[in-house]
Amino acid sequence: MRPSAAGPGGGGGRRKAAVAAAAASREWLVVPASGRARVEEAGKHAVMARTGLPARDLRVLDPLLSYPSTILGRERAIVVNLERVKAVITAAEVLLPNSKDPDFARFVRDLQARVLASSSDQAAEFTDMEGESSAVTSPFRALTSFKGNELEMANKSANAAGEMTHSSSMPTLAAAKDGSTKVLPFEFRALEVCLESACRCLEEETSTLEKEAYPALDELTSKISTLNLERVRQIKSRLVAISGRVQKVRDELEHLLDDEMDMAEMYLTEKLTRQEMSETSSRVEVDDPSQLEDDRDEEYRSEADVSNGSFIGYKPNIEELEMLLEAYFVQIDGTLNKLSHLREYVDDTEDYINIMLDDKQNQLLQMGVMLSTATVVITAGVAVVGIFGMNIGISLYADPTNDEEKRASNMKFWETTLGTIAGCMILYIVAMGWGKRSGLLQ
């Protein structure tokens, strides 16, 4: 058989290349600082060039792979993987893997509303940054025809929600040292929406589980049946799964709160501002060449420290982010406490059911002892009957010849029968009394 012109593996190679090209490109929902969401398509390398993330960080966002809850602070972006929330947050926009999940649409609306709820100065500043970034050729290819109506409706609803939030004075604010308030940077507002969505999702699942668990456990204590036991088993399985997910989110927040350097890495806007100031100062001409050389060396060391994440001599004020993380840490810790109380209630119900089953088992054992004793006593009576049933010639079995002997013979029969029964009853009563006195029976 002659091979084809394309070679033995030509067709398979083309198919693999097509599959790899399709897998490398995926749809992303981009929410910039202006709040106008748009759908774009890009490959992994384009996202890496745009956000400065390595490939291992993008794998965390892959929906086909299972990764624990994590929040990663990088040089130019923050990677968020909390429950169903997967996002890449930069200083000017949020990149979300596009999804058809209803919870994802709700999350996008909340994100847009929170972005639009900022002050006008902050919004104008981020809009200028977006305009400058759009002037550069983007590695993404916009999909203007993909779900245009849905995006337009989402943008309109987000604008309305943002106006309501702004009018009710509910923007994301942080307390300053002088008692005033200021708007959080864009990346922290986006991070807050991610944390809020994850905590809300876990809180809703916990509340649903509580509403189903407590009545089922109470019904099991009143009536032990196979159906009730199966319901409680399913509830316990869900409880273990939700508790593990909540514990992972709590551990991640606790890890961030314990590490100041990780929190400092998340100040993307401040790092970007510092970098722009360094570039601006480097363009200023200095008359003294030696002073210019010293300034360049100092700027080089500072930029090297920032790029390496060491922040030597530069430590941003992490109080804003720390307060933000502590607020959601308290919330997720409260959810974990609810699950802990529910687990304790399940354990107490199991202990109560075991006690009830042990009591039933003890009652069955006592009944077995009583029946065994009755069997022994009846066996003694049967032995007496067997003795009198032997075919031997004695005067007791002699045939009566007159009425007086018949009456005497009948009297002896009833005396023997009643005596045997009375003896068996006396033996049973004595056995029961001895068992109760010794503690074997109650």
# chains A, B, ... in the order shown; residues from 1 in each chain; ligands from 1

call {"tool": "residues_around", "arguments": {"residues": "Val30 in chain A", "least_positions_apart": "3", "cutoff": "9 Å", "atoms": "only C-alpha atoms", "output": "compact mmCIF listing (two decimals) with all heavy atoms, in the first residue's frame"}}
result
# COMPACT_ATOMS: atom_id res chain seq x y z
N ARG A 36 -17.29 49.83 30.45
CA ARG A 36 -17.90 49.35 29.20
C ARG A 36 -17.26 48.01 28.83
O ARG A 36 -16.15 47.95 28.31
CB ARG A 36 -17.69 50.36 28.08
CG ARG A 36 -18.23 51.76 28.39
CD ARG A 36 -19.74 51.81 28.36
NE ARG A 36 -20.26 51.50 27.04
CZ ARG A 36 -21.54 51.50 26.73
NH1 ARG A 36 -22.45 51.75 27.67
NH2 ARG A 36 -21.93 51.24 25.51
N ALA A 37 -17.97 46.93 29.10
CA ALA A 37 -17.42 45.60 28.85
C ALA A 37 -17.42 45.29 27.37
O ALA A 37 -18.30 45.74 26.61
CB ALA A 37 -18.22 44.55 29.61
N ARG A 38 -16.43 44.52 26.96
CA ARG A 38 -16.34 44.08 25.56
C ARG A 38 -15.72 42.68 25.54
O ARG A 38 -14.96 42.32 26.44
CB ARG A 38 -15.50 45.05 24.73
CG ARG A 38 -14.05 45.16 25.17
CD ARG A 38 -13.28 46.17 24.31
NE ARG A 38 -11.86 46.21 24.67
CZ ARG A 38 -11.36 46.99 25.61
NH1 ARG A 38 -12.17 47.78 26.32
NH2 ARG A 38 -10.07 46.97 25.88
N VAL A 39 -16.07 41.93 24.52
CA VAL A 39 -15.57 40.58 24.34
C VAL A 39 -14.45 40.60 23.32
O VAL A 39 -14.62 41.15 22.22
CB VAL A 39 -16.68 39.61 23.90
CG1 VAL A 39 -16.11 38.21 23.68
CG2 VAL A 39 -17.78 39.58 24.94
N GLU A 40 -13.32 40.04 23.67
CA GLU A 40 -12.18 39.97 22.77
C GLU A 40 -11.66 38.54 22.72
O GLU A 40 -11.89 37.75 23.63
CB GLU A 40 -11.06 40.93 23.22
CG GLU A 40 -11.50 42.38 23.27
CD GLU A 40 -10.36 43.31 23.67
OE1 GLU A 40 -9.24 42.79 23.87
OE2 GLU A 40 -10.60 44.52 23.78
N GLU A 93 -7.76 47.52 33.74
CA GLU A 93 -8.82 46.68 33.21
C GLU A 93 -8.80 45.33 33.89
O GLU A 93 -7.82 44.96 34.58
CB GLU A 93 -8.68 46.50 31.70
CG GLU A 93 -7.38 45.84 31.28
CD GLU A 93 -7.19 45.80 29.78
OE1 GLU A 93 -8.02 46.39 29.07
OE2 GLU A 93 -6.22 45.17 29.32
N VAL A 94 -9.89 44.58 33.69
CA VAL A 94 -10.04 43.24 34.23
C VAL A 94 -10.32 42.30 33.07
O VAL A 94 -11.23 42.55 32.27
CB VAL A 94 -11.17 43.16 35.28
CG1 VAL A 94 -11.29 41.75 35.83
CG2 VAL A 94 -10.93 44.15 36.40
N LEU A 95 -9.56 41.20 32.99
CA LEU A 95 -9.75 40.19 31.95
C LEU A 95 -10.38 38.97 32.58
O LEU A 95 -9.86 38.42 33.56
CB LEU A 95 -8.42 39.81 31.30
CG LEU A 95 -7.85 40.77 30.23
CD1 LEU A 95 -7.37 42.07 30.86
CD2 LEU A 95 -6.71 40.10 29.48
N LEU A 96 -11.52 38.55 32.00
CA LEU A 96 -12.27 37.42 32.53
C LEU A 96 -12.45 36.39 31.43
O LEU A 96 -12.86 36.73 30.32
CB LEU A 96 -13.65 37.87 33.02
CG LEU A 96 -13.69 39.03 34.02
CD1 LEU A 96 -15.12 39.51 34.20
CD2 LEU A 96 -13.10 38.60 35.35
N PRO A 97 -12.14 35.11 31.70
CA PRO A 97 -12.48 34.07 30.73
C PRO A 97 -13.98 34.03 30.51
O PRO A 97 -14.75 33.89 31.46
CB PRO A 97 -11.95 32.78 31.38
CG PRO A 97 -10.95 33.24 32.39
CD PRO A 97 -11.42 34.58 32.87

call {"tool": "closest_residue", "arguments": {"among": "A:Arg407, A:Lys412, A:Ala431, A:Arg76", "to": "Gln275 in chain A", "atoms": "only C-alpha atoms"}}
result
A:Arg76

call {"tool": "atom_distance", "arguments": {"atom1": "CA of Phe329 in chain A", "atom2": "CA of Val249 in chain A"}}
result
8.7 Å

call {"tool": "residues_around", "arguments": {"residues": "His45 in chain A", "least_positions_apart": "4", "cutoff": "10 Å", "atoms": "only C-alpha atoms", "output": "PyMOL selection string"}}
result
chain A and resi 24-25+49-55+139

call {"tool": "residues_around", "arguments": {"residues": "Gln247 in chain A", "least_positions_apart": "5", "cutoff": "9 Å", "atoms": "only C-alpha atoms", "output": "JSON, numbers by chain"}}
result
{"A": [242, 252, 332, 333, 336]}

call {"tool": "atom_distance", "arguments": {"atom1": "CA of Leu209 in chain A", "atom2": "CA of Glu344 in chain A"}}
result
14.2 Å

call {"tool": "closest_residue", "arguments": {"among": "A:Glu260, A:Glu204, A:Glu270, A:Cys199", "to": "Thr90 in chain A", "atoms": "only C-alpha atoms"}}
result
A:Glu270

call {"tool": "residues_around", "arguments": {"residues": "range 216-229 of chain A", "least_positions_apart": "6", "cutoff": "10 Å", "atoms": "only C-alpha atoms", "output": "PDB file with all heavy atoms, in the first residue's frame"}}
result
ATOM      1  N   GLU A 210     -27.989  24.835  55.325  1.00  0.00           N
ATOM      2  CA  GLU A 210     -28.562  24.921  56.671  1.00  0.00           C
ATOM      3  C   GLU A 210     -30.075  24.720  56.631  1.00  0.00           C
ATOM      4  O   GLU A 210     -30.639  24.026  57.500  1.00  0.00           O
ATOM      5  CB  GLU A 210     -28.229  26.274  57.285  1.00  0.00           C
ATOM      6  CG  GLU A 210     -26.794  26.402  57.748  1.00  0.00           C
ATOM      7  CD  GLU A 210     -26.523  27.757  58.378  1.00  0.00           C
ATOM      8  OE1 GLU A 210     -27.221  28.728  58.021  1.00  0.00           O
ATOM      9  OE2 GLU A 210     -25.619  27.858  59.217  1.00  0.00           O
ATOM     10  N   ILE A 235     -26.428  15.148  52.859  1.00  0.00           N
ATOM     11  CA  ILE A 235     -26.164  16.450  53.482  1.00  0.00           C
ATOM     12  C   ILE A 235     -24.770  16.492  54.078  1.00  0.00           C
ATOM     13  O   ILE A 235     -24.054  17.500  53.959  1.00  0.00           O
ATOM     14  CB  ILE A 235     -27.242  16.750  54.540  1.00  0.00           C
ATOM     15  CG1 ILE A 235     -28.575  17.045  53.865  1.00  0.00           C
ATOM     16  CG2 ILE A 235     -26.822  17.913  55.440  1.00  0.00           C
ATOM     17  CD1 ILE A 235     -29.732  17.200  54.824  1.00  0.00           C
ATOM     18  N   TYR A 345     -23.653  19.913  64.983  1.00  0.00           N
ATOM     19  CA  TYR A 345     -25.033  19.444  65.106  1.00  0.00           C
ATOM     20  C   TYR A 345     -25.192  18.072  64.459  1.00  0.00           C
ATOM     21  O   TYR A 345     -25.916  17.201  64.995  1.00  0.00           O
ATOM     22  CB  TYR A 345     -25.970  20.460  64.448  1.00  0.00           C
ATOM     23  CG  TYR A 345     -27.421  20.286  64.807  1.00  0.00           C
ATOM     24  CD1 TYR A 345     -27.934  20.804  65.978  1.00  0.00           C
ATOM     25  CD2 TYR A 345     -28.285  19.594  63.955  1.00  0.00           C
ATOM     26  CE1 TYR A 345     -29.272  20.649  66.314  1.00  0.00           C
ATOM     27  CE2 TYR A 345     -29.621  19.432  64.265  1.00  0.00           C
ATOM     28  CZ  TYR A 345     -30.111  19.966  65.452  1.00  0.00           C
ATOM     29  OH  TYR A 345     -31.433  19.792  65.777  1.00  0.00           O
ATOM     30  N   VAL A 346     -24.540  17.869  63.329  1.00  0.00           N
ATOM     31  CA  VAL A 346     -24.591  16.560  62.679  1.00  0.00           C
ATOM     32  C   VAL A 346     -23.928  15.503  63.561  1.00  0.00           C
ATOM     33  O   VAL A 346     -24.460  14.387  63.732  1.00  0.00           O
ATOM     34  CB  VAL A 346     -23.910  16.627  61.299  1.00  0.00           C
ATOM     35  CG1 VAL A 346     -23.757  15.228  60.695  1.00  0.00           C
ATOM     36  CG2 VAL A 346     -24.700  17.512  60.341  1.00  0.00           C
ATOM     37  N   ASP A 348     -23.604  15.615  66.838  1.00  0.00           N
ATOM     38  CA  ASP A 348     -24.474  15.366  67.992  1.00  0.00           C
ATOM     39  C   ASP A 348     -25.658  14.486  67.611  1.00  0.00           C
ATOM     40  O   ASP A 348     -26.067  13.600  68.383  1.00  0.00           O
ATOM     41  CB  ASP A 348     -24.981  16.699  68.559  1.00  0.00           C
ATOM     42  CG  ASP A 348     -23.859  17.543  69.148  1.00  0.00           C
ATOM     43  OD1 ASP A 348     -22.795  16.962  69.448  1.00  0.00           O
ATOM     44  OD2 ASP A 348     -24.047  18.767  69.287  1.00  0.00           O
ATOM     45  N   THR A 349     -26.198  14.717  66.416  1.00  0.00           N
ATOM     46  CA  THR A 349     -27.304  13.867  65.960  1.00  0.00           C
ATOM     47  C   THR A 349     -26.842  12.433  65.761  1.00  0.00           C
ATOM     48  O   THR A 349     -27.570  11.482  66.125  1.00  0.00           O
ATOM     49  CB  THR A 349     -27.880  14.425  64.646  1.00  0.00           C
ATOM     50  OG1 THR A 349     -28.286  15.785  64.833  1.00  0.00           O
ATOM     51  CG2 THR A 349     -29.078  13.608  64.187  1.00  0.00           C
ATOM     52  N   GLU A 350     -25.658  12.263  65.213  1.00  0.00           N
ATOM     53  CA  GLU A 350     -25.121  10.907  65.046  1.00  0.00           C
ATOM     54  C   GLU A 350     -24.916  10.230  66.398  1.00  0.00           C
ATOM     55  O   GLU A 350     -25.225   9.039  66.556  1.00  0.00           O
ATOM     56  CB  GLU A 350     -23.807  10.968  64.273  1.00  0.00           C
ATOM     57  CG  GLU A 350     -23.975  11.310  62.794  1.00  0.00           C
ATOM     58  CD  GLU A 350     -22.650  11.306  62.068  1.00  0.00           C
ATOM     59  OE1 GLU A 350     -21.602  11.244  62.750  1.00  0.00           O
ATOM     60  OE2 GLU A 350     -22.652  11.372  60.830  1.00  0.00           O
ATOM     61  N   TYR A 352     -26.581  10.881  69.124  1.00  0.00           N
ATOM     62  CA  TYR A 352     -27.912  10.571  69.651  1.00  0.00           C
ATOM     63  C   TYR A 352     -28.501   9.334  68.973  1.00  0.00           C
ATOM     64  O   TYR A 352     -29.104   8.466  69.642  1.00  0.00           O
ATOM     65  CB  TYR A 352     -28.824  11.781  69.450  1.00  0.00           C
ATOM     66  CG  TYR A 352     -30.235  11.579  69.919  1.00  0.00           C
ATOM     67  CD1 TYR A 352     -30.549  11.542  71.275  1.00  0.00           C
ATOM     68  CD2 TYR A 352     -31.278  11.414  68.996  1.00  0.00           C
ATOM     69  CE1 TYR A 352     -31.859  11.348  71.707  1.00  0.00           C
ATOM     70  CE2 TYR A 352     -32.587  11.230  69.413  1.00  0.00           C
ATOM     71  CZ  TYR A 352     -32.871  11.195  70.770  1.00  0.00           C
ATOM     72  OH  TYR A 352     -34.157  11.005  71.195  1.00  0.00           O
ATOM     73  N   ILE A 353     -28.325   9.243  67.660  1.00  0.00           N
ATOM     74  CA  ILE A 353     -28.835   8.066  66.936  1.00  0.00           C
ATOM     75  C   ILE A 353     -28.109   6.801  67.407  1.00  0.00           C
ATOM     76  O   ILE A 353     -28.733   5.743  67.595  1.00  0.00           O
ATOM     77  CB  ILE A 353     -28.671   8.261  65.418  1.00  0.00           C
ATOM     78  CG1 ILE A 353     -29.526   9.444  64.938  1.00  0.00           C
ATOM     79  CG2 ILE A 353     -29.044   6.998  64.668  1.00  0.00           C
ATOM     80  CD1 ILE A 353     -30.999   9.292  65.204  1.00  0.00           C
ATOM     81  N   MET A 356     -29.551   5.818  70.711  1.00  0.00           N
ATOM     82  CA  MET A 356     -30.854   5.174  70.527  1.00  0.00           C
ATOM     83  C   MET A 356     -30.698   3.752  69.993  1.00  0.00           C
ATOM     84  O   MET A 356     -31.383   2.819  70.462  1.00  0.00           O
ATOM     85  CB  MET A 356     -31.703   6.001  69.569  1.00  0.00           C
ATOM     86  CG  MET A 356     -32.137   7.359  70.108  1.00  0.00           C
ATOM     87  SD  MET A 356     -33.123   8.285  68.908  1.00  0.00           S
ATOM     88  CE  MET A 356     -34.513   7.192  68.672  1.00  0.00           C
ATOM     89  N   LEU A 357     -29.805   3.577  69.039  1.00  0.00           N
ATOM     90  CA  LEU A 357     -29.597   2.228  68.494  1.00  0.00           C
ATOM     91  C   LEU A 357     -28.999   1.291  69.539  1.00  0.00           C
ATOM     92  O   LEU A 357     -29.362   0.107  69.606  1.00  0.00           O
ATOM     93  CB  LEU A 357     -28.684   2.318  67.262  1.00  0.00           C
ATOM     94  CG  LEU A 357     -29.267   3.039  66.044  1.00  0.00           C
ATOM     95  CD1 LEU A 357     -28.229   3.107  64.925  1.00  0.00           C
ATOM     96  CD2 LEU A 357     -30.527   2.334  65.546  1.00  0.00           C
TER      97      LEU A 357
END

call {"tool": "closest_residue", "arguments": {"among": "A:Glu212, A:Asp399, A:Glu27, A:Glu405", "to": "Leu239 in chain A", "atoms": "only C-alpha atoms"}}
result
A:Glu212
